[in-house]
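> I have a structure I would like to understand better, so I am pasting it below and will then ask my questions one at a time.
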Amino acid sequence: MRLNRDILFGGAVTLFGVSLLVFLIPLGVASPSNVRVPVLSPLFWPRIIAWTLIVLGLVQVVQAALAQRAGRTGAADPDTGDGAALPGAWWRLPASAVLMALYWVAIPRLGMPIASVLLLALLFLLVRTRYRLIALATAILVPLVMFGFFDHVAGVPIPQGHLLRLP
């Protein structure tokens, strides 16, 4: 069986999730030993994201392998009507990685809520969504609602920047 792009992509996502779980999270996230509620631990959500990436990557590999075995090359692209990628789509993954790095740099300066709004808006532009108004509303509302929940309801302080502080 020849490896196709979907299998390679699923494998790459799985390996990235494993590297997060094994190397990056233990090196980059400090967790105090006195946290009694696991959900409030700084390690909780990064581990959830890593495990989600691992599971989704494995699902991608299995689906692509089953489709390849059945003789299908992949789902048709709704815009072009065939399985071909859109022109210029190859640069979106590295561009997403650059946006994530800029997000990491922006959090101490702008704060997590504002940096998240900007990141989501730019990601929606990057994937060329047709639903721009809904995407803009989502980019604004989701980070602000999550900030409100974690900061005001759960009592978990969310990093805020020096330029603008939310109430």
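Naming works like this for the structure tokens: A, B, ... for the chains as they're shown, residue 1 at the start of each chain, ligands 1 onward in shown order.
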I want to know what sits within 10 Å of Leu8 of chain A, based on only C-alpha atoms, with residues of the same chain fewer than 4 positions away left out; could you give that as a PyMOL selection string?
chain A and resi 3-4+12-14+57+60-61+64
> As a ChimeraX atom specification, please: the residues near Arg109 of chain A (cut-off 10 Å, only C-alpha atoms, same-chain neighbours under 4 positions excluded).
/A:104-105,114-115,159-164
> Store the residues picked out above in a file with N, CA and C atoms, as an mmCIF file, in the first residue's frame.

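Once written, selection23.cif looks like this:
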```cif
data_model
loop_
_atom_site.group_PDB
_atom_site.id
_atom_site.type_symbol
_atom_site.label_atom_id
_atom_site.label_comp_id
_atom_site.auth_asym_id
_atom_site.auth_seq_id
_atom_site.Cartn_x
_atom_site.Cartn_y
_atom_site.Cartn_z
ATOM 1 N N TRP A 104 2.149 33.211 20.612
ATOM 2 C CA TRP A 104 2.928 32.951 21.819
ATOM 3 C C TRP A 104 3.704 34.197 22.241
ATOM 4 N N VAL A 105 4.239 34.918 21.259
ATOM 5 C CA VAL A 105 4.985 36.139 21.546
ATOM 6 C C VAL A 105 4.035 37.259 21.981
ATOM 7 N N ILE A 114 -7.035 39.165 24.014
ATOM 8 C CA ILE A 114 -6.870 39.989 22.807
ATOM 9 C C ILE A 114 -6.033 39.241 21.771
ATOM 10 N N ALA A 115 -4.961 38.581 22.202
ATOM 11 C CA ALA A 115 -4.139 37.804 21.271
ATOM 12 C C ALA A 115 -4.954 36.678 20.645
ATOM 13 N N PRO A 159 -3.785 35.471 31.681
ATOM 14 C CA PRO A 159 -2.808 36.548 31.444
ATOM 15 C C PRO A 159 -3.403 37.691 30.625
ATOM 16 N N GLN A 160 -3.246 38.894 31.146
ATOM 17 C CA GLN A 160 -3.681 40.087 30.425
ATOM 18 C C GLN A 160 -2.450 40.917 30.100
ATOM 19 N N GLY A 161 -2.529 41.632 29.013
ATOM 20 C CA GLY A 161 -1.391 42.411 28.538
ATOM 21 C C GLY A 161 -1.255 43.742 29.237
ATOM 22 N N HIS A 162 -0.221 44.443 28.841
ATOM 23 C CA HIS A 162 0.056 45.757 29.426
ATOM 24 C C HIS A 162 -0.715 46.855 28.695
ATOM 25 N N LEU A 163 -1.104 46.612 27.450
ATOM 26 C CA LEU A 163 -1.756 47.643 26.655
ATOM 27 C C LEU A 163 -3.227 47.827 26.995
ATOM 28 N N LEU A 164 -3.926 46.711 27.232
ATOM 29 C CA LEU A 164 -5.374 46.769 27.474
ATOM 30 C C LEU A 164 -5.734 45.696 28.488
#
```
> For Met112 of chain A, which of A:Phe149, A:Phe44, A:Leu144, A:Leu66 is the closest residue, counting only C-alpha atoms?
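For Met112 of chain A, the nearest of the candidates is A:Leu144.
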> I'd like the interatomic distance between atom CA of Trp90 of chain A and atom CA of Leu126 of chain A, to a tenth of an Å.
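These two atoms are separated by 11.6 Å.
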> For Phe9 of chain A, which residue out of A:Thr138, A:Gln63, A:Ser41, A:Ser31 is the nearest one, using only C-alpha atoms?
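When distances to Phe9 of chain A are compared using only C-alpha atoms, the smallest one comes from A:Gln63.
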> With distances taken over only C-alpha atoms, which residue among A:Ile7, A:Ala97, A:Leu24, A:Val39 lies nearest Ala67 of chain A?
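Closest candidate: A:Ile7.
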> What's the 9 Å shell around Val29 of chain A, counting only C-alpha atoms, without same-chain residues fewer than 5 positions away, as an MDAnalysis selection string?
chainID A and resid 24 42:43 46
> Write out as an MDAnalysis selection string the set of residues from segment 19-125 of chain A that DSSP, computed on the backbone, places in alpha helix (DSSP H).
chainID A and resid 19 25:28 44:69 92:110 112:125
> Using only C-alpha atoms, can you tell me which of A:Asn34, A:Met100, A:Ala50, A:Val117 comes closest to Ser19 of chain A?
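Among the listed residues, A:Ala50 lies closest to Ser19 of chain A.
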> Give me, as a VMD selection string, all polymer residues having an atom no more than 12 Å from Asp151 of chain A, counting only C-alpha atoms and skipping those fewer than 4 positions away in the same chain.
chain A and resid 40 112 to 113 143 to 147 155 to 160 166 to 167
> Got time to write the residues from that selection, C-alpha atoms, as a PDB file, in the first residue's frame?

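Everything below was put into out-v4.pdb:
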```pdb
ATOM      1  CA  LEU A  40      -7.304  23.722  37.385  1.00  0.00           C
ATOM      2  CA  MET A 112      -4.402  36.073  26.106  1.00  0.00           C
ATOM      3  CA  PRO A 113      -7.944  37.310  25.307  1.00  0.00           C
ATOM      4  CA  PRO A 143     -12.058  34.247  23.599  1.00  0.00           C
ATOM      5  CA  LEU A 144     -14.030  36.859  25.563  1.00  0.00           C
ATOM      6  CA  VAL A 145     -16.580  34.342  26.850  1.00  0.00           C
ATOM      7  CA  MET A 146     -13.799  31.920  27.790  1.00  0.00           C
ATOM      8  CA  PHE A 147     -11.934  34.735  29.540  1.00  0.00           C
ATOM      9  CA  GLY A 155     -11.267  31.912  39.450  1.00  0.00           C
ATOM     10  CA  VAL A 156      -8.383  30.992  37.147  1.00  0.00           C
ATOM     11  CA  PRO A 157      -6.375  34.099  36.303  1.00  0.00           C
ATOM     12  CA  ILE A 158      -5.893  34.594  32.562  1.00  0.00           C
ATOM     13  CA  PRO A 159      -2.808  36.548  31.444  1.00  0.00           C
ATOM     14  CA  GLN A 160      -3.681  40.087  30.425  1.00  0.00           C
ATOM     15  CA  LEU A 166     -10.266  43.575  30.554  1.00  0.00           C
ATOM     16  CA  PRO A 167     -12.553  43.963  33.563  1.00  0.00           C
TER      17      PRO A 167
END
```
